[in-house]
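Source file: model02.cif (mmCIF, C-alpha atoms)
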```cif
data_model
#
loop_
_atom_site.label_atom_id
_atom_site.label_comp_id
_atom_site.auth_asym_id
_atom_site.auth_seq_id
_atom_site.Cartn_x
_atom_site.Cartn_y
_atom_site.Cartn_z
CA MET A 1 29.57 25.99 -14.60
CA GLU A 2 29.40 29.13 -12.56
CA VAL A 3 26.07 30.28 -11.17
CA PRO A 4 25.16 33.84 -12.11
CA ILE A 5 24.08 36.06 -9.25
CA LEU A 6 21.63 38.79 -10.23
CA LYS A 7 20.78 41.83 -8.19
CA GLN A 8 17.13 42.80 -8.14
CA GLY A 9 16.47 45.67 -5.78
CA ALA A 10 17.27 44.59 -2.29
CA VAL A 11 17.34 40.93 -3.32
CA LEU A 12 20.10 38.80 -4.79
CA ILE A 13 18.91 36.02 -7.09
CA ALA A 14 21.05 32.99 -7.89
CA THR A 15 19.60 30.61 -10.45
CA PHE A 16 20.97 27.12 -10.85
CA GLN A 17 21.25 26.29 -14.53
CA ALA A 18 21.89 22.57 -14.32
CA ALA A 19 23.52 20.01 -12.11
CA LEU A 20 26.47 21.63 -10.39
CA SER A 21 29.79 20.22 -9.27
CA ASP A 22 30.82 20.50 -5.66
CA ALA A 23 33.35 23.17 -6.61
CA ASP A 24 30.63 25.25 -8.28
CA LEU A 25 28.53 25.01 -5.15
CA ASN A 26 31.41 26.16 -2.95
CA GLN A 27 32.03 29.04 -5.29
CA LEU A 28 28.38 30.01 -5.22
CA ARG A 29 28.42 29.96 -1.43
CA MET A 30 31.38 32.30 -1.25
CA GLY A 31 29.98 34.57 -3.96
CA LEU A 32 26.62 34.97 -2.27
CA VAL A 33 28.01 35.49 1.19
CA GLN A 34 30.40 38.18 -0.07
CA GLN A 35 27.95 39.97 -2.29
CA VAL A 36 25.11 40.08 0.19
CA VAL A 37 27.05 42.55 2.30
CA LYS A 38 28.66 44.30 -0.63
CA PHE A 39 25.27 45.19 -2.15
CA ARG A 40 23.61 45.67 1.23
CA SER A 41 20.98 43.17 0.14
CA ARG A 42 18.22 42.22 2.50
CA ALA A 43 17.61 38.77 1.09
CA VAL A 44 18.87 36.05 -1.22
CA ILE A 45 16.78 33.80 -3.42
CA VAL A 46 18.30 30.57 -4.66
CA ASP A 47 16.31 29.13 -7.56
CA VAL A 48 16.81 25.39 -8.03
CA THR A 49 14.03 24.78 -10.59
CA ALA A 50 16.49 23.28 -13.05
CA MET A 51 17.83 20.72 -10.62
CA ASP A 52 16.29 17.31 -11.03
CA VAL A 53 18.59 15.66 -8.52
CA MET A 54 19.66 17.01 -5.18
CA ASP A 55 22.44 15.12 -3.45
CA SER A 56 23.38 15.45 0.18
CA PHE A 57 26.24 17.80 -0.57
CA ALA A 58 24.06 20.20 -2.51
CA SER A 59 21.41 20.08 0.16
CA ARG A 60 23.90 20.69 2.94
CA THR A 61 25.45 23.55 1.01
CA LEU A 62 22.06 25.17 0.56
CA ARG A 63 21.47 24.97 4.28
CA GLU A 64 24.91 26.38 5.00
CA ILE A 65 24.34 29.22 2.57
CA ALA A 66 21.07 30.06 4.33
CA HIS A 67 22.64 29.99 7.76
CA MET A 68 25.71 32.01 6.74
CA ILE A 69 23.56 34.62 5.09
CA ARG A 70 21.45 34.77 8.22
CA LEU A 71 24.65 35.55 10.13
CA ARG A 72 25.43 38.23 7.58
CA GLY A 73 22.11 39.85 8.35
CA ALA A 74 19.88 38.80 5.44
CA ASP A 75 17.22 36.19 4.67
CA THR A 76 17.37 33.29 2.26
CA VAL A 77 14.58 31.61 0.34
CA ILE A 78 15.08 28.42 -1.66
CA VAL A 79 12.61 28.31 -4.52
CA GLY A 80 11.58 25.88 -7.24
CA ILE A 81 12.27 22.51 -5.67
CA GLN A 82 10.60 19.91 -7.89
CA PRO A 83 8.00 17.64 -6.27
CA GLU A 84 10.00 14.48 -6.95
CA VAL A 85 13.17 16.11 -5.68
CA ALA A 86 11.38 17.31 -2.56
CA PHE A 87 10.18 13.85 -1.66
CA ALA A 88 13.53 12.24 -2.43
CA MET A 89 15.23 14.82 -0.19
CA VAL A 90 12.84 14.15 2.67
CA GLN A 91 13.39 10.42 2.36
CA LEU A 92 17.12 10.99 2.64
CA GLY A 93 16.51 13.18 5.68
CA LEU A 94 17.61 16.37 3.90
CA THR A 95 14.83 18.65 5.06
CA LEU A 96 16.58 22.04 5.05
CA GLU A 97 15.43 22.86 8.55
CA GLY A 98 15.24 26.51 9.36
CA VAL A 99 15.40 27.52 5.72
CA ALA A 100 12.48 29.28 4.06
CA THR A 101 11.21 27.65 0.87
CA ALA A 102 8.75 28.77 -1.79
CA LEU A 103 7.17 27.30 -4.88
CA ASP A 104 8.93 29.46 -7.45
CA LEU A 105 10.69 32.78 -7.94
CA GLU A 106 7.44 34.74 -7.92
CA GLU A 107 6.35 33.17 -4.67
CA GLY A 108 9.75 33.75 -3.17
CA LEU A 109 9.63 37.45 -4.03
CA ALA A 110 6.08 37.70 -2.66
CA TYR A 111 7.20 36.03 0.56
CA LEU A 112 10.09 38.45 0.92
CA SER A 113 8.07 41.61 0.23
CA GLU A 114 5.59 40.45 2.83
CA LYS A 115 8.45 39.95 5.25
CA PHE A 116 10.04 43.32 4.43
CA LYS A 117 6.71 45.00 5.15
CA THR A 118 6.45 43.53 8.61
CA THR A 119 10.08 44.06 9.59
CA SER A 120 10.66 47.58 8.26
CA MET B 1 -10.60 -30.17 -19.28
CA ALA B 2 -11.03 -33.13 -21.58
CA LYS B 3 -7.40 -33.96 -21.04
CA ARG B 4 -7.78 -33.80 -17.29
CA ASN B 5 -10.68 -36.18 -17.52
CA GLU B 6 -8.51 -38.57 -19.37
CA THR B 7 -5.82 -38.47 -16.75
CA SER B 8 -8.36 -38.98 -14.02
CA ARG B 9 -9.67 -42.03 -15.81
CA GLU B 10 -6.12 -43.25 -16.12
CA THR B 11 -5.51 -42.97 -12.40
CA MET B 12 -8.70 -44.80 -11.79
CA THR B 13 -7.61 -47.57 -14.10
CA LEU B 14 -4.31 -47.74 -12.30
CA ASN B 15 -6.10 -48.03 -9.01
CA ASN B 16 -8.10 -50.86 -10.41
CA GLN B 17 -5.15 -52.78 -11.69
CA ALA B 18 -4.67 -54.73 -8.51
CA PRO B 19 -3.85 -58.08 -10.08
CA GLU B 20 -5.78 -60.31 -7.68
CA LEU B 21 -9.02 -58.59 -8.60
CA ALA B 22 -10.47 -60.28 -11.59
CA ARG B 23 -12.53 -57.55 -13.08
CA SER B 24 -15.61 -58.08 -15.06
CA GLU B 25 -16.67 -54.42 -15.30
CA ALA B 26 -14.77 -51.43 -16.63
CA PRO B 27 -14.51 -48.47 -14.21
CA SER B 28 -17.03 -46.50 -16.22
CA GLU B 29 -19.53 -49.29 -15.79
CA LEU B 30 -18.88 -49.34 -12.08
CA LEU B 31 -19.48 -45.63 -11.97
CA ARG B 32 -22.70 -46.08 -13.88
CA GLU B 33 -23.83 -48.66 -11.37
CA LEU B 34 -22.84 -46.30 -8.59
CA VAL B 35 -24.77 -43.42 -10.11
CA ALA B 36 -27.83 -45.59 -10.59
CA HIS B 37 -27.64 -46.56 -6.94
CA LEU B 38 -27.36 -42.93 -5.87
CA ARG B 39 -30.31 -41.94 -8.08
CA GLN B 40 -32.46 -44.72 -6.68
CA ASN B 41 -31.80 -43.80 -3.09
CA ARG B 42 -31.78 -40.08 -3.70
CA THR B 43 -34.50 -39.12 -1.23
CA GLN B 44 -33.24 -41.28 1.60
CA LEU B 45 -29.55 -40.36 1.18
CA ARG B 46 -30.34 -36.70 0.90
CA GLU B 47 -32.42 -36.82 4.05
CA GLU B 48 -29.62 -38.54 5.86
CA TRP B 49 -27.16 -35.97 4.65
CA VAL B 50 -29.33 -33.06 5.81
CA VAL B 51 -29.67 -34.72 9.20
CA ARG B 52 -25.92 -35.08 9.42
CA ILE B 53 -25.46 -31.44 8.45
CA SER B 54 -27.69 -30.22 11.25
CA GLU B 55 -26.14 -32.71 13.68
CA THR B 56 -22.68 -31.33 13.03
CA ARG B 57 -24.05 -27.78 13.32
CA LEU B 58 -22.89 -26.68 9.90
CA LEU B 59 -24.61 -23.91 7.94
CA THR B 60 -26.19 -22.52 11.08
CA ALA B 61 -26.71 -19.21 9.28
CA MET B 62 -29.29 -20.83 6.99
CA THR B 63 -32.81 -22.05 7.70
CA LYS B 64 -33.83 -25.70 7.47
CA GLU B 65 -35.70 -25.16 4.21
CA GLU B 66 -32.74 -23.40 2.66
CA ILE B 67 -30.38 -26.16 3.69
CA PHE B 68 -32.76 -28.70 2.19
CA ALA B 69 -32.99 -26.78 -1.08
CA GLU B 70 -29.22 -26.36 -1.29
CA ALA B 71 -28.71 -30.00 -0.35
CA THR B 72 -30.97 -31.09 -3.18
CA SER B 73 -29.12 -29.11 -5.81
CA VAL B 74 -25.70 -30.05 -4.43
CA TYR B 75 -26.72 -33.71 -4.37
CA ASP B 76 -27.93 -33.63 -7.97
CA SER B 77 -24.87 -31.78 -9.24
CA TYR B 78 -22.73 -34.21 -7.28
CA VAL B 79 -24.28 -37.24 -8.88
CA GLU B 80 -24.14 -35.61 -12.26
CA ALA B 81 -20.45 -34.83 -11.80
CA LEU B 82 -19.85 -38.47 -10.87
CA GLU B 83 -21.70 -39.61 -13.94
CA THR B 84 -20.29 -37.27 -16.55
CA GLU B 85 -16.94 -36.59 -14.93
CA ALA B 86 -17.45 -33.01 -16.06
CA PHE B 87 -16.73 -30.74 -13.18
CA GLU B 88 -17.41 -27.37 -14.77
CA ALA B 89 -21.04 -27.38 -13.80
CA LEU B 90 -20.19 -28.20 -10.22
CA GLN B 91 -17.47 -25.56 -10.16
CA ALA B 92 -19.87 -22.95 -11.49
CA TYR B 93 -22.37 -24.05 -8.89
CA ALA B 94 -19.76 -23.69 -6.15
CA ARG B 95 -18.97 -20.16 -7.29
CA ASN B 96 -22.60 -19.27 -7.40
CA LEU B 97 -23.15 -20.79 -3.98
CA SER B 98 -20.21 -18.85 -2.64
CA GLU B 99 -21.58 -15.61 -4.04
CA ARG B 100 -24.96 -16.27 -2.45
CA ILE B 101 -23.97 -17.47 0.97
CA ILE B 102 -20.77 -15.62 1.86
CA PRO B 103 -22.74 -12.47 2.71
CA ARG B 104 -24.81 -14.62 5.06
CA GLY B 105 -21.71 -15.41 7.08
CA VAL B 106 -21.16 -18.95 5.86
CA GLU B 107 -17.55 -19.95 6.29
CA THR B 108 -15.32 -21.92 3.96
CA HIS B 109 -14.94 -24.77 6.43
CA GLU B 110 -18.71 -25.23 6.46
CA VAL B 111 -18.94 -25.60 2.72
CA VAL B 112 -16.02 -28.00 2.62
CA GLY B 113 -17.54 -29.76 5.62
CA ILE B 114 -20.89 -30.43 3.97
CA VAL B 115 -19.28 -31.76 0.80
CA LEU B 116 -17.11 -34.11 2.85
CA LEU B 117 -20.19 -35.16 4.80
CA LEU B 118 -21.98 -36.03 1.60
CA ARG B 119 -18.98 -38.04 0.49
CA ASP B 120 -19.07 -39.99 3.75
CA VAL B 121 -22.83 -40.54 3.63
CA LEU B 122 -22.58 -41.93 0.12
CA ALA B 123 -19.61 -44.12 1.02
CA ARG B 124 -21.55 -45.53 3.97
CA SER B 125 -24.45 -46.38 1.70
CA LEU B 126 -22.06 -48.19 -0.59
CA PHE B 127 -20.72 -50.19 2.35
CA ALA B 128 -24.25 -51.13 3.27
CA LYS B 129 -25.13 -52.14 -0.24
CA TYR B 130 -22.08 -54.26 -1.02
CA GLN B 131 -21.33 -55.65 2.40
CA THR B 132 -21.74 -59.18 1.12
CA ASP B 133 -19.43 -58.76 -1.84
CA PHE B 134 -16.19 -57.36 -0.51
CA LYS B 135 -14.31 -57.46 -3.82
CA LYS B 136 -17.00 -55.58 -5.61
CA LEU B 137 -17.13 -53.03 -2.83
CA ASN B 138 -13.43 -52.54 -3.28
CA ARG B 139 -13.78 -51.93 -6.97
CA ILE B 140 -16.71 -49.61 -6.53
CA LEU B 141 -14.77 -47.62 -3.96
CA ASP B 142 -11.80 -47.50 -6.31
CA ALA B 143 -13.99 -45.81 -8.84
CA TYR B 144 -15.85 -43.68 -6.35
CA GLU B 145 -13.12 -42.31 -4.13
CA PRO B 146 -10.96 -40.42 -6.68
CA ALA B 147 -14.04 -38.88 -8.23
CA ALA B 148 -15.50 -37.93 -4.84
CA ASN B 149 -12.22 -36.41 -3.72
CA ARG B 150 -11.98 -34.44 -6.89
CA ILE B 151 -15.48 -33.15 -6.39
CA ALA B 152 -14.67 -32.04 -2.84
CA ASN B 153 -11.55 -30.38 -4.14
CA THR B 154 -13.39 -28.66 -6.97
CA VAL B 155 -16.08 -27.30 -4.71
CA ALA B 156 -13.59 -26.03 -2.14
CA VAL B 157 -11.39 -24.40 -4.77
CA GLY B 158 -14.39 -22.88 -6.53
CA PHE B 159 -15.69 -21.49 -3.29
CA VAL B 160 -12.36 -20.01 -2.26
CA GLN B 161 -11.70 -18.65 -5.73
CA GLU B 162 -14.98 -16.81 -5.69
CA ARG B 163 -14.17 -15.43 -2.29
CA GLU B 164 -10.75 -14.26 -3.47
CA ARG B 165 -12.27 -12.71 -6.55
CA VAL B 166 -14.62 -10.68 -4.37
CA ILE B 167 -11.76 -9.59 -2.14
CA ARG B 168 -9.66 -8.58 -5.12
CA GLN B 169 -12.54 -6.66 -6.60
CA GLN B 170 -13.07 -4.80 -3.35
CA GLN B 171 -9.40 -3.96 -3.04
CA GLU B 172 -9.44 -2.52 -6.52
CA ALA B 173 -12.55 -0.53 -5.72
CA ILE B 174 -10.87 0.93 -2.67
CA ARG B 175 -7.78 1.80 -4.64
CA GLU B 176 -9.87 3.42 -7.33
CA LEU B 177 -11.56 5.62 -4.79
CA SER B 178 -8.62 7.81 -5.56
CA THR B 179 -7.98 10.59 -3.18
CA PRO B 180 -8.91 13.91 -4.70
CA VAL B 181 -6.82 16.98 -4.15
CA LEU B 182 -9.36 19.77 -4.06
CA GLN B 183 -8.98 23.49 -4.15
CA VAL B 184 -11.32 25.19 -1.66
CA ARG B 185 -10.01 28.69 -2.06
CA GLU B 186 -7.29 30.37 -4.04
CA ARG B 187 -4.04 28.75 -2.83
CA LEU B 188 -5.78 26.46 -0.36
CA LEU B 189 -6.05 22.73 -1.06
CA ILE B 190 -7.75 20.03 0.92
CA LEU B 191 -6.91 16.36 0.76
CA PRO B 192 -9.52 14.24 2.50
CA ILE B 193 -8.21 10.73 3.09
CA ILE B 194 -10.70 7.95 3.74
CA GLY B 195 -10.05 4.28 4.27
CA VAL B 196 -7.01 2.18 4.78
CA ILE B 197 -3.66 3.59 3.70
CA ASP B 198 -1.12 1.03 2.65
CA PRO B 199 2.38 2.06 1.61
CA GLN B 200 1.43 1.96 -2.05
CA ARG B 201 -1.54 4.23 -1.58
CA ALA B 202 0.53 6.53 0.63
CA ARG B 203 3.05 6.96 -2.16
CA GLN B 204 0.31 7.69 -4.65
CA LEU B 205 -1.19 10.25 -2.27
CA THR B 206 2.10 12.04 -1.82
CA GLU B 207 2.71 12.23 -5.54
CA GLN B 208 -0.76 13.61 -6.17
CA LEU B 209 -0.47 16.14 -3.39
CA LEU B 210 2.95 17.46 -4.41
CA ARG B 211 1.84 17.72 -8.00
CA GLY B 212 -1.36 19.43 -6.87
CA ILE B 213 0.62 21.97 -4.87
CA ARG B 214 2.61 22.81 -7.93
CA THR B 215 -0.22 23.07 -10.41
CA ASN B 216 -2.55 24.99 -8.07
CA ARG B 217 0.25 27.10 -6.62
CA ALA B 218 -1.03 26.25 -3.18
CA LYS B 219 0.33 27.87 -0.05
CA VAL B 220 -1.64 25.90 2.48
CA VAL B 221 -2.82 22.29 2.37
CA VAL B 222 -5.26 20.73 4.81
CA ILE B 223 -4.88 16.94 5.00
CA ASP B 224 -7.95 15.53 6.70
CA ILE B 225 -7.51 12.02 8.07
CA THR B 226 -10.77 11.77 10.00
CA GLY B 227 -11.68 8.81 7.81
CA VAL B 228 -8.50 6.89 8.63
CA ALA B 229 -8.91 4.77 11.73
CA ALA B 230 -5.32 3.77 12.19
CA MET B 231 -2.03 3.72 10.37
CA ASP B 232 1.11 1.72 10.89
CA VAL B 233 4.52 3.19 11.59
CA THR B 234 5.62 3.11 7.95
CA VAL B 235 2.62 5.06 6.77
CA ALA B 236 2.85 7.50 9.68
CA ASN B 237 6.46 8.18 8.75
CA HIS B 238 5.35 8.66 5.19
CA LEU B 239 2.80 11.23 6.32
CA VAL B 240 5.48 13.16 8.17
CA GLN B 241 7.69 13.03 5.09
CA THR B 242 4.84 14.31 2.96
CA VAL B 243 4.45 17.26 5.30
CA GLU B 244 8.15 18.05 5.04
CA ALA B 245 8.25 17.64 1.28
CA SER B 246 5.30 20.02 0.96
CA ARG B 247 7.20 22.56 3.00
CA LEU B 248 10.11 22.29 0.57
CA LEU B 249 7.64 23.34 -2.11
CA GLY B 250 6.72 26.32 0.00
CA ALA B 251 3.37 25.04 1.24
CA THR B 252 2.25 24.73 4.84
CA VAL B 253 0.45 21.53 5.74
CA ILE B 254 -2.25 21.34 8.38
CA VAL B 255 -3.24 17.83 9.41
CA THR B 256 -6.74 17.49 10.86
CA GLY B 257 -8.84 14.78 12.41
CA LEU B 258 -6.15 12.63 13.98
CA SER B 259 -7.68 9.70 15.80
CA PRO B 260 -6.29 8.82 19.23
CA GLU B 261 -4.66 5.72 17.73
CA ILE B 262 -2.87 7.72 15.06
CA ALA B 263 -1.79 10.29 17.62
CA GLN B 264 -0.34 7.43 19.62
CA THR B 265 1.51 6.11 16.58
CA LEU B 266 2.92 9.54 15.78
CA VAL B 267 4.12 9.98 19.36
CA THR B 268 5.65 6.51 19.29
CA ILE B 269 7.71 7.27 16.20
CA GLY B 270 8.78 10.50 17.87
CA VAL B 271 7.49 13.02 15.36
CA ASP B 272 8.84 16.55 15.65
CA LEU B 273 5.76 18.49 16.69
CA GLY B 274 7.35 21.74 15.57
CA LYS B 275 7.03 20.49 12.00
CA MET B 276 3.55 19.03 12.24
CA ASN B 277 0.74 21.51 12.27
CA THR B 278 -2.34 19.74 13.57
CA VAL B 279 -5.89 20.88 14.26
CA GLY B 280 -8.73 18.85 15.75
CA ASP B 281 -11.22 18.82 12.92
CA LEU B 282 -11.50 19.78 9.27
CA GLN B 283 -13.45 22.97 10.02
CA GLY B 284 -10.77 24.17 12.43
CA GLY B 285 -8.12 23.28 9.88
CA ILE B 286 -9.78 25.29 7.14
CA GLU B 287 -10.27 28.23 9.49
CA GLN B 288 -6.62 28.21 10.42
CA ALA B 289 -5.63 27.91 6.78
CA GLU B 290 -7.77 30.94 5.98
CA ARG B 291 -6.05 32.90 8.73
CA LEU B 292 -2.65 31.91 7.32
CA LEU B 293 -3.73 33.09 3.88
CA GLY B 294 -5.22 36.30 5.22
CA TYR B 295 -8.84 35.48 4.44
CA LYS B 296 -11.54 36.65 6.75
CA VAL B 297 -14.90 34.95 6.51
CA GLU B 298 -17.85 36.97 7.70
CA SER B 299 -21.51 36.20 7.92
CA LEU B 300 -23.57 38.59 5.79
CA ALA B 301 -26.70 38.36 7.86
CA GLU B 302 -26.91 40.32 11.05
CA PRO B 303 -26.71 38.06 14.04
CA ARG B 304 -30.13 37.86 15.62
#
```

Spit out the file's structure as structure tokens when you get a sec.
Amino acid sequence: MEVPILKQGAVLIATFQAALSDADLNQLRMGLVQQVVKFRSRAVIVDVTAMDVMDSFASRTLREIAHMIRLRGADTVIVGIQPEVAFAMVQLGLTLEGVATALDLEEGLAYLSEKFKTTS
Amino acid sequence: MAKRNETSRETMTLNNQAPELARSEAPSELLRELVAHLRQNRTQLREEWVVRISETRLLTAMTKEEIFAEATSVYDSYVEALETEAFEALQAYARNLSERIIPRGVETHEVVGIVLLLRDVLARSLFAKYQTDFKKLNRILDAYEPAANRIANTVAVGFVQERERVIRQQQEAIRELSTPVLQVRERLLILPIIGVIDPQRARQLTEQLLRGIRTNRAKVVVIDITGVAAMDVTVANHLVQTVEASRLLGATVIVTGLSPEIAQTLVTIGVDLGKMNTVGDLQGGIEQAERLLGYKVESLAEPR
């Protein structure tokens, strides 16, 4: 299932609908990295609220997305990680270092607007 | 219990079935004779026992009068248990004794020791009484020994059971002192941890905290571990994982009140200090949290 990417002002929002296959994740990565420059977006929010399992591939892909988007000149925030998922990830050593995280979409947007204020 | 009594009587009968001993008395009669003897010489035997107790330096935490009072009731329950072969009363007494004297610092070995002493004192008196009639002495001892051993066993088990019950109760009480996740300000939670953290409690803490972050939409959490004296490597790792998991939920964790021992443990496991945000005490932690959240606390009164 493909992940829809929505444009909201200067932010791109990708919302995971359910568990994704590895191919879907790769596709999402390419889509985001291309569109972030195409729309001149300043940030990307990836919403994973619907994911109740996060395997190592998904976690690594999220980190790669964040780092690639950084290289393309924008920020990334991962939002909506479930408490159980968060602890399972940490136990597996998947801590998404260097990637901003927020509680949910609202928090993610608040974090970004704060950041835009200080950087612009 | 009735059944157990039966089996004990059976073993006694077996013990008495040495063929060369022509028996005139049934074991119960022997026991009755024994009990009568113990009743008759109660004062003297009890005195002797108390003397032996103080000689062996048992029950040093208790005064002479207390030892004498306890000795009297133990002696009477002992004789009664021999007579009736009902051990419940003695067991209840052992529990009660345990409850009363454990807080005074009386150890298990002392309680077992005094019961064994009493057994020996009584056996000696039997030797003295039947020294002329060896066969009878044998039969009396056959009746006496299993019962005496069972009494010693019962008292020891009762004592230890009571002790274990208290320990269990305390453990439950500690566990039930559940760790509250409290909101001090909008988006600021504190989690004061007091007492010993075992892996089970650590897991419970983490679950509560992560859920608390979600329901209170917290941005900053102060975990105060002033009340935790030490933690082992597993729990320390768990703490680090909790901090990281909270970050994945978008919350910053400030850990306050680390004792030198815990700091040592964290350094030993090689914690990444870039991930751990630590402040000396709870006040400092809350102040830093307020700064992170953009609060500014001012005193209303003019400084004098």

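Going from CA of Lys115 (chain A) over to CA of Ile254 (chain B), you cover 21.7 Å.
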
When the PyMOL selection byres ((chain B and resi 129) around 12) is applied to the file above, which residues end up in the set, as a PDB file with C-alpha atoms, in the frame of the given file?
```pdb
ATOM      1  CA  GLU B  33     -23.830 -48.660 -11.370  1.00  0.00           C
ATOM      2  CA  LEU B  34     -22.840 -46.300  -8.590  1.00  0.00           C
ATOM      3  CA  HIS B  37     -27.640 -46.560  -6.940  1.00  0.00           C
ATOM      4  CA  LEU B  38     -27.360 -42.930  -5.870  1.00  0.00           C
ATOM      5  CA  ASN B  41     -31.800 -43.800  -3.090  1.00  0.00           C
ATOM      6  CA  LEU B 122     -22.580 -41.930   0.120  1.00  0.00           C
ATOM      7  CA  ALA B 123     -19.610 -44.120   1.020  1.00  0.00           C
ATOM      8  CA  ARG B 124     -21.550 -45.530   3.970  1.00  0.00           C
ATOM      9  CA  SER B 125     -24.450 -46.380   1.700  1.00  0.00           C
ATOM     10  CA  LEU B 126     -22.060 -48.190  -0.590  1.00  0.00           C
ATOM     11  CA  PHE B 127     -20.720 -50.190   2.350  1.00  0.00           C
ATOM     12  CA  ALA B 128     -24.250 -51.130   3.270  1.00  0.00           C
ATOM     13  CA  TYR B 130     -22.080 -54.260  -1.020  1.00  0.00           C
ATOM     14  CA  GLN B 131     -21.330 -55.650   2.400  1.00  0.00           C
ATOM     15  CA  THR B 132     -21.740 -59.180   1.120  1.00  0.00           C
ATOM     16  CA  ASP B 133     -19.430 -58.760  -1.840  1.00  0.00           C
ATOM     17  CA  PHE B 134     -16.190 -57.360  -0.510  1.00  0.00           C
ATOM     18  CA  LYS B 136     -17.000 -55.580  -5.610  1.00  0.00           C
ATOM     19  CA  LEU B 137     -17.130 -53.030  -2.830  1.00  0.00           C
ATOM     20  CA  ILE B 140     -16.710 -49.610  -6.530  1.00  0.00           C
ATOM     21  CA  LEU B 141     -14.770 -47.620  -3.960  1.00  0.00           C
TER      22      LEU B 141
END
```

Using only C-alpha atoms, find each residue in chain A having at least one atom no more than 12 Å away from chain B; report its shortest atom-to-atom pair and that distance in Å (one decimal), rows by chain then rising number, as a tab-separated table.
```
residue	atom	partner	partner_atom	distance
A:Asp47	CA	B:Leu249	CA	11.8
A:Val48	CA	B:Leu249	CA	11.1
A:Thr49	CA	B:Leu249	CA	10.7
A:Ser59	CA	B:Leu248	CA	11.5
A:Val77	CA	B:Gly250	CA	9.5
A:Ile78	CA	B:Leu248	CA	8.2
A:Val79	CA	B:Leu249	CA	7.4
A:Gly80	CA	B:Leu249	CA	6.9
A:Ile81	CA	B:Leu249	CA	5.9
A:Gln82	CA	B:Leu249	CA	7.3
A:Pro83	CA	B:Leu210	CA	5.4
A:Glu84	CA	B:Glu207	CA	7.8
A:Val85	CA	B:Ala245	CA	8.7
A:Ala86	CA	B:Ala245	CA	5.0
A:Phe87	CA	B:Ala245	CA	5.2
A:Ala88	CA	B:Ala245	CA	8.4
A:Met89	CA	B:Ala245	CA	7.7
A:Val90	CA	B:Gln241	CA	5.8
A:Gln91	CA	B:Gln241	CA	6.8
A:Leu92	CA	B:Gln241	CA	10.0
A:Gly93	CA	B:Gln241	CA	8.8
A:Leu94	CA	B:Glu244	CA	9.7
A:Thr95	CA	B:Glu244	CA	6.7
A:Leu96	CA	B:Leu248	CA	7.9
A:Glu97	CA	B:Lys275	CA	9.4
A:Gly98	CA	B:Lys275	CA	10.5
A:Val99	CA	B:Leu248	CA	9.0
A:Ala100	CA	B:Gly250	CA	7.6
A:Thr101	CA	B:Gly250	CA	4.8
A:Ala102	CA	B:Gly250	CA	3.7
A:Leu103	CA	B:Leu249	CA	4.9
A:Asp104	CA	B:Leu249	CA	8.2
A:Leu105	CA	B:Gly250	CA	11.0
A:Glu106	CA	B:Arg217	CA	10.6
A:Glu107	CA	B:Gly250	CA	8.3
A:Gly108	CA	B:Gly250	CA	8.6
A:Ala110	CA	B:Lys219	CA	11.7
A:Tyr111	CA	B:Gly250	CA	9.7
A:Glu114	CA	B:Gly294	CA	11.8
```

For the selection just defined, write its residues with C-alpha atoms to a file, as a short mmCIF file (atom, residue, chain, number, x, y, z; two decimals), keeping the file's coordinate frame.
```cif
data_model
loop_
_atom_site.label_atom_id
_atom_site.label_comp_id
_atom_site.auth_asym_id
_atom_site.auth_seq_id
_atom_site.Cartn_x
_atom_site.Cartn_y
_atom_site.Cartn_z
CA ASP A 47 16.31 29.13 -7.56
CA VAL A 48 16.81 25.39 -8.03
CA THR A 49 14.03 24.78 -10.59
CA SER A 59 21.41 20.08 0.16
CA VAL A 77 14.58 31.61 0.34
CA ILE A 78 15.08 28.42 -1.66
CA VAL A 79 12.61 28.31 -4.52
CA GLY A 80 11.58 25.88 -7.24
CA ILE A 81 12.27 22.51 -5.67
CA GLN A 82 10.60 19.91 -7.89
CA PRO A 83 8.00 17.64 -6.27
CA GLU A 84 10.00 14.48 -6.95
CA VAL A 85 13.17 16.11 -5.68
CA ALA A 86 11.38 17.31 -2.56
CA PHE A 87 10.18 13.85 -1.66
CA ALA A 88 13.53 12.24 -2.43
CA MET A 89 15.23 14.82 -0.19
CA VAL A 90 12.84 14.15 2.67
CA GLN A 91 13.39 10.42 2.36
CA LEU A 92 17.12 10.99 2.64
CA GLY A 93 16.51 13.18 5.68
CA LEU A 94 17.61 16.37 3.90
CA THR A 95 14.83 18.65 5.06
CA LEU A 96 16.58 22.04 5.05
CA GLU A 97 15.43 22.86 8.55
CA GLY A 98 15.24 26.51 9.36
CA VAL A 99 15.40 27.52 5.72
CA ALA A 100 12.48 29.28 4.06
CA THR A 101 11.21 27.65 0.87
CA ALA A 102 8.75 28.77 -1.79
CA LEU A 103 7.17 27.30 -4.88
CA ASP A 104 8.93 29.46 -7.45
CA LEU A 105 10.69 32.78 -7.94
CA GLU A 106 7.44 34.74 -7.92
CA GLU A 107 6.35 33.17 -4.67
CA GLY A 108 9.75 33.75 -3.17
CA ALA A 110 6.08 37.70 -2.66
CA TYR A 111 7.20 36.03 0.56
CA GLU A 114 5.59 40.45 2.83
#
```

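Taking CA of Ala229 (chain B) and CA of Thr265 (chain B) as the two end points, the separation is 11.6 Å.
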
task = Given the file shown, enumerate the residues that the PyMOL selection byres ((chain A and resi 38-43) around 7) captures and present them as a list in words.
result = Ala10, Val11, Leu12, Gln34, Gln35, Val36, Val37, Val44, Ile45, Ala74, Asp75 and Thr76 of chain A

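Here the PyMOL selection byres ((chain B and resi 266) around 10) matches the residues Met231, Asp232, Val233, Ala236, Asn237, Leu239, Val240, Leu258, Pro260, Glu261, Ile262, Ala263, Gln264, Thr265, Val267, Thr268, Ile269, Gly270, Val271, Asp272 and Leu273 of chain B.
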